[in-house]
Each structure stands twice: as C-alpha cells, then as structure tokens.
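**Student:** The structure follows.
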Amino acid sequence: MEYSEVIENWKTFAEAVKAIGGDLRAFTVEEPATEKDILGLEERLGFSLPASLREVLVNFSRKVEFRWFFPDKYELEGELSAIFSGDRHWSLDWIYDFNESKNGWVERCFPNKDDPYDVVWHNKLAFHEVGNGDYLAIDLSSPGSEPVVYLSHDDGDGHGVELANNFKDFLCESSLIGCVGGEDWQQLPFIENGKKHIDGNCGNAIRLRKALGIKA
C-alpha cells in the first residue's frame with residue numbers, strides 16, 4: 001500500500017464519521033523526518049530505530065495525529081459494539097518521552113523478566129500512548145523481527161498480542177479500519193479466522209466499513 005492510499009483511507013473514514021454526526025478531533029500529517037532528526041533520537045534512546053519505523057518517519061511523516069469519535073448513543077452491532085473511536089498518533093518528538101514513561105511502568109510494576117506477564121513489557125519501543133496506562137510498541141527482543149505489540153498494564157486481553165508484522169504493516173492495515181482504538185478491545189475484533197495480526201479486509205473490517213457507508 002502506498003502512503004497516499006493510507007491518507008485516502010483516513011480521509012474516507014473521517015468523512016464517514018462526520019456524516020453520522022461524529023467528531024473528527026485531529027487530522028495532521030507533518031513532513032518527513034530528516035536523517036539528522038533520526039540520528040538525534042537514536043542518540044537519546046541509545047539504540048537504532050527499527051527499520052520499518054525509520055522508513056515511515058523518513059519517507060512518510062515525522063508526526064501524525066488522526067483521532068475521531070462516534071456520536072453519543074451511536075453503537076455498532078455484534079463484535080464491533082465496543083468500538084467508539086479511532087486514534088493513530090506518533091511523533092519523532094514524543095517517542096523518547098513515551099519510552100521514559102513506559103520504562104517507569106517496567107521499573108515500578110513489571111521488573112521481573114522471569115514473570116511471563118512482566119517480560120512482555122521488556123525490550124519494547126513505545127510509539128503510542130493509549131491514554132489508560134497501556135501502550136502500542138515495537139518488540140525489539142529478536143534481531144530481524146519488529147512486530148507491533150500491545151502492552152496492557154491491567155491484565156487486558158490484548159497484552160502481548162502482535163497487531164502487525166512491523167510498523168509499516170500496522171500503519172497500512174489499520175488505515176483500512178479507520179485506526180480504531182487504541183484500546184486493545186477495540187482492535188482485537190480485527191484479528192480473526194486464526195490469523196496472527198490485524199487484517200484490514202477481514203469480515204469484521206468489511207462489516208465496519210459497510211456500517212459507515214464505506215465501500216467494502
């Protein structure tokens with residue numbers, strides 16, 4: 001998927017949400033980052049950015065904010081009934097602070113690498129604060145692998161779930177469902193039929209677009 005298609009998908013969802021009386025809170029796509037910008041962030045972090053994240057920052061945008069809410073009392077049916085908003089945000093200027101905050105959770109609450117719940121929080125690069133203590137992050141545990149995972153602070157069903165194979169795949173697939181979330185329970189309905197990651201063309205994705213009058 002081209003980056004221009006991602007933006008078009010966002011525009012389509014924004015118009016559909018507004019058409020039913022919903023609220024588009026933010027829609028910002030800034031210019032790409034420079035190599036100097038990337039190197040500066042990497043120096044602060046103390047390690048290199050995952051290749052897919054770097055690719056998106058340098059070739060698409062250094063900062064994105066896309067946020068919408070359904071109108072009050074609007075409710076989808078079935079497995080989609082909990083969905084009420086969409087949120088995709090990242091910024092070259094926020095990543096360091098997000099990770100300092102995430103590391104605070106690790107130090108205070110999830111320090112034990114031998115604990116199967118705690119260890120999920122380790123070796124992760126947070127790029128999105130959900131706003132409830134949870135994060136979307138890139139798993140840095142295995143060289144050559146950089147899946148996007150969900151970090152829950154309170155035993156959420158999505159804790160440790162891989163949402164995408166890498167950051168760019170997450171960007172593209174989630175654009176097909178209007179970037180619902182970021183809470184895990186808004187995103188999990190789009191991992192179905194035994195698949196490992198969010199599928200922007202799964203049955204629930206098609207039902208979501210149909211409900212909003214978007215061509216499936």
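Residue names in the structure tokens use chain letters A, B, ... in the order shown, residue numbers from 1 in each chain, and ligand numbers from 1 in the order shown.
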Quick one: residues within 10 Å of Ala19 of chain A, only C-alpha atoms, excluding same-chain residues fewer than 6 positions away - as a list of chain:residue names?

**Tutor:** A:Phe13, A:Leu212, A:Gly213

**Student:** Would you mind exporting the chosen residues as a tab-separated table (two decimals), in the first residue's frame, restricted to N, CA and C atoms?

**Tutor:**
chain	number	residue	atom	x	y	z
A	13	PHE	N	-12.62	7.59	6.16
A	13	PHE	CA	-13.20	7.35	7.49
A	13	PHE	C	-13.60	8.66	8.16
A	212	LEU	N	-20.59	2.08	8.07
A	212	LEU	CA	-20.32	3.51	7.93
A	212	LEU	C	-20.55	4.01	6.51
A	213	GLY	N	-21.05	3.13	5.65
A	213	GLY	CA	-21.33	3.55	4.28
A	213	GLY	C	-20.10	3.66	3.41

**Student:** Excluding same-chain residues fewer than 4 positions from segment 86-88 of chain A, what lies within 8 Å of it counting only C-alpha atoms, as a VMD selection string?

**Tutor:** chain A and resid 64 to 69 128 178 to 182

**Student:** Export, as a CSV table (one decimal), in the first residue's frame, the selected residues with N, CA and C atoms.

**Tutor:**
chain,number,residue,atom,x,y,z
A,64,VAL,N,2.1,12.3,13.1
A,64,VAL,CA,0.8,12.1,12.7
A,64,VAL,C,-0.2,12.1,13.9
A,65,GLU,N,-1.3,12.8,13.7
A,65,GLU,CA,-2.4,12.8,14.6
A,65,GLU,C,-3.7,12.6,13.9
A,66,PHE,N,-4.4,11.5,14.1
A,66,PHE,CA,-5.7,11.2,13.5
A,66,PHE,C,-6.6,10.6,14.6
A,67,ARG,N,-7.6,11.4,14.9
A,67,ARG,CA,-8.4,11.0,16.0
A,67,ARG,C,-9.9,11.3,15.8
A,68,TRP,N,-10.8,10.4,16.0
A,68,TRP,CA,-12.2,10.6,15.8
A,68,TRP,C,-13.0,9.9,16.9
A,69,PHE,N,-14.3,10.3,17.0
A,69,PHE,CA,-15.2,9.7,18.0
A,69,PHE,C,-16.6,9.5,17.3
A,128,HIS,N,3.1,4.8,20.9
A,128,HIS,CA,1.7,5.3,21.0
A,128,HIS,C,1.3,5.1,22.5
A,178,GLY,N,-9.9,2.5,9.9
A,178,GLY,CA,-10.0,3.8,10.5
A,178,GLY,C,-9.2,4.0,11.7
A,179,CYS,N,-8.2,3.1,11.9
A,179,CYS,CA,-7.4,3.3,13.1
A,179,CYS,C,-8.2,3.1,14.4
A,180,VAL,N,-9.1,2.2,14.4
A,180,VAL,CA,-9.9,2.1,15.7
A,180,VAL,C,-9.0,1.8,16.9
A,181,GLY,N,-9.4,2.2,18.0
A,181,GLY,CA,-8.6,2.1,19.2
A,181,GLY,C,-8.1,3.4,19.7
A,182,GLY,N,-7.0,3.4,20.4
A,182,GLY,CA,-6.1,2.4,20.6
A,182,GLY,C,-6.3,1.3,21.6

**Student:** Fewer than 6 positions away in the same chain doesn't count, so skip those; otherwise give me all residues within 9 Å of Trp105 of chain A, counting only C-alpha atoms, as a PyMOL selection string.

**Tutor:** chain A and resi 111+121+133+153

**Student:** So that I have them on file, write out the residues from the current selection with N, CA and C atoms, as a PDB file, in the first residue's frame.

**Tutor:**
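Saved as again-v5.pdb:
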ATOM      1  N   PRO A 111       9.058  -5.451  36.778  1.00  0.00           N
ATOM      2  CA  PRO A 111      10.512  -5.582  36.688  1.00  0.00           C
ATOM      3  C   PRO A 111      11.024  -7.001  36.457  1.00  0.00           C
ATOM      4  N   TRP A 121       6.699  -6.507  28.809  1.00  0.00           N
ATOM      5  CA  TRP A 121       6.996  -5.073  28.835  1.00  0.00           C
ATOM      6  C   TRP A 121       8.460  -4.760  28.513  1.00  0.00           C
ATOM      7  N   GLY A 133      -2.749   3.996  30.458  1.00  0.00           N
ATOM      8  CA  GLY A 133      -1.627   3.259  31.025  1.00  0.00           C
ATOM      9  C   GLY A 133      -1.081   2.194  30.107  1.00  0.00           C
ATOM     10  N   HIS A 153      -1.392  -2.694  31.104  1.00  0.00           N
ATOM     11  CA  HIS A 153      -0.928  -2.573  32.488  1.00  0.00           C
ATOM     12  C   HIS A 153      -1.865  -3.251  33.480  1.00  0.00           C
TER      13      HIS A 153
END

**Student:** If we count only C-alpha atoms, what is near Ile191 of chain A at a cut-off of 10 Å, once residues fewer than 4 positions away on the same chain are taken out, given as a list in words?

**Tutor:** Val161, Glu162, Leu163, Ala164, Gln187, Lys195, Lys196, His197, Ile198, Asp199, Gly200, Cys202, Gly203, Asn204 and Ala205 of chain A

**Student:** Can you spit out the residues from that selection as a PDB file, in the first residue's frame, using C-alpha atoms?

**Tutor:**
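Saved result, again11.pdb, follows:
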ATOM      1  CA  VAL A 161      -0.735  -9.673  21.237  1.00  0.00           C
ATOM      2  CA  GLU A 162       1.011  -8.959  17.948  1.00  0.00           C
ATOM      3  CA  LEU A 163      -1.038  -6.433  15.990  1.00  0.00           C
ATOM      4  CA  ALA A 164       1.179  -6.370  12.891  1.00  0.00           C
ATOM      5  CA  GLN A 187      -8.620  -3.631  17.879  1.00  0.00           C
ATOM      6  CA  LYS A 195      -4.734 -15.004  11.665  1.00  0.00           C
ATOM      7  CA  LYS A 196      -1.936 -13.567  13.753  1.00  0.00           C
ATOM      8  CA  HIS A 197      -2.325  -9.858  13.017  1.00  0.00           C
ATOM      9  CA  ILE A 198      -4.913  -7.175  12.243  1.00  0.00           C
ATOM     10  CA  ASP A 199      -6.424  -7.827   8.824  1.00  0.00           C
ATOM     11  CA  GLY A 200      -7.916  -4.734   7.218  1.00  0.00           C
ATOM     12  CA  CYS A 202     -11.347  -9.465   7.428  1.00  0.00           C
ATOM     13  CA  GLY A 203     -15.070  -9.985   7.917  1.00  0.00           C
ATOM     14  CA  ASN A 204     -15.337  -7.501  10.780  1.00  0.00           C
ATOM     15  CA  ALA A 205     -13.383  -4.896   8.807  1.00  0.00           C
TER      16      ALA A 205
END

**Student:** In Å, rounded to a single decimal, give me how far atom CA of Val148 of chain A is from atom CA of Asn166 of chain A.

**Tutor:** 5.6 Å

**Student:** Name the residues of segment 13-200 of chain A that come out as helix (DSSP H, G or I) in a backbone DSSP run; write them as a VMD selection string.

**Tutor:** chain A and resid 13 to 19 35 to 45 51 to 59 78 to 80 95 to 108 118 to 121 167 to 175 184 to 190

**Student:** Restrict the calculation to only C-alpha atoms, then for each residue of segment 99-195 of chain A with any atom at most 7 Å from an atom of segment 31-54 of chain A give the closest atom pair and their distance in Å to one decimal, rows by chain and rising residue number, as CSV.

**Tutor:**
residue,atom,partner,partner_atom,distance
A:Glu146,CA,A:Pro50,CA,6.6
A:Asn166,CA,A:Ser52,CA,6.3
A:Phe167,CA,A:Ser52,CA,5.5
A:Lys168,CA,A:Ser52,CA,5.8

**Student:** Could the residues in this selection be saved with N, CA and C atoms as a short mmCIF file (atom, residue, chain, number, x, y, z; two decimals), in the first residue's frame?

**Tutor:**
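New file selection-v7.cif:
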data_model
loop_
_atom_site.label_atom_id
_atom_site.label_comp_id
_atom_site.auth_asym_id
_atom_site.auth_seq_id
_atom_site.Cartn_x
_atom_site.Cartn_y
_atom_site.Cartn_z
N GLU A 146 10.43 -7.21 14.13
CA GLU A 146 10.00 -5.97 14.78
C GLU A 146 8.48 -5.85 14.80
N ASN A 166 5.11 -5.50 11.38
CA ASN A 166 6.04 -4.38 11.57
C ASN A 166 5.25 -3.08 11.57
N PHE A 167 5.93 -1.97 11.79
CA PHE A 167 5.25 -0.69 11.94
C PHE A 167 4.54 -0.26 10.65
N LYS A 168 5.18 -0.44 9.51
CA LYS A 168 4.54 -0.03 8.26
C LYS A 168 3.30 -0.88 7.98
#

**Student:** Taking the DSSP assignment computed from this structure's backbone, write out as a PyMOL selection string all residues of segment 8-172 of chain A that belong to strand (DSSP E).

**Tutor:** chain A and resi 23-29+63-69+85-91+124-129+135-139+148-151+162-164

**Student:** Given the choices A:Ser91, A:Arg207, A:Asn112, A:Glu5, which gets closest to Glu77 of chain A if the distance is worked out from only C-alpha atoms?

**Tutor:** A:Arg207

**Student:** Contacts of Glu75 of chain A at 12 Å or less, counting only C-alpha atoms, minus same-chain residues fewer than 5 places along, as a list in words?

**Tutor:**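 My reading of the contact set: Ile20, Gly22, Phe69, Phe70, Leu80, Ser81, Ala82, Ile83, Phe84, Ser85, Leu208, Ala211 and Leu212 of chain A.
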
**Student:** Write out as a list in words which residues come within 10 Å of Trp94 of chain A when counting only C-alpha atoms, dropping same-chain ones fewer than 5 positions away.

**Tutor:** Leu41, Lys63, His89, Asn99, Ala126, Phe127, His128 and Glu129 of chain A

**Student:** Quick one, how far is atom CA of Asp118 of chain A from atom CA of Val106 of chain A?

**Tutor:** 7.6 Å

**Student:** Could you give me, as a PyMOL selection string, the residues within 10 Å of Glu2 of chain A, counting only C-alpha atoms and dropping anything in the same chain fewer than 3 positions from it?

**Tutor:** chain A and resi 5-7+60+172

**Student:** Check the smallest atom-to-atom distance from each of A:Asp115, A:Pro143, A:Asp169, A:Leu57 to Leu92 of chain A using only C-alpha atoms, then report the winner.

**Tutor:** A:Leu57
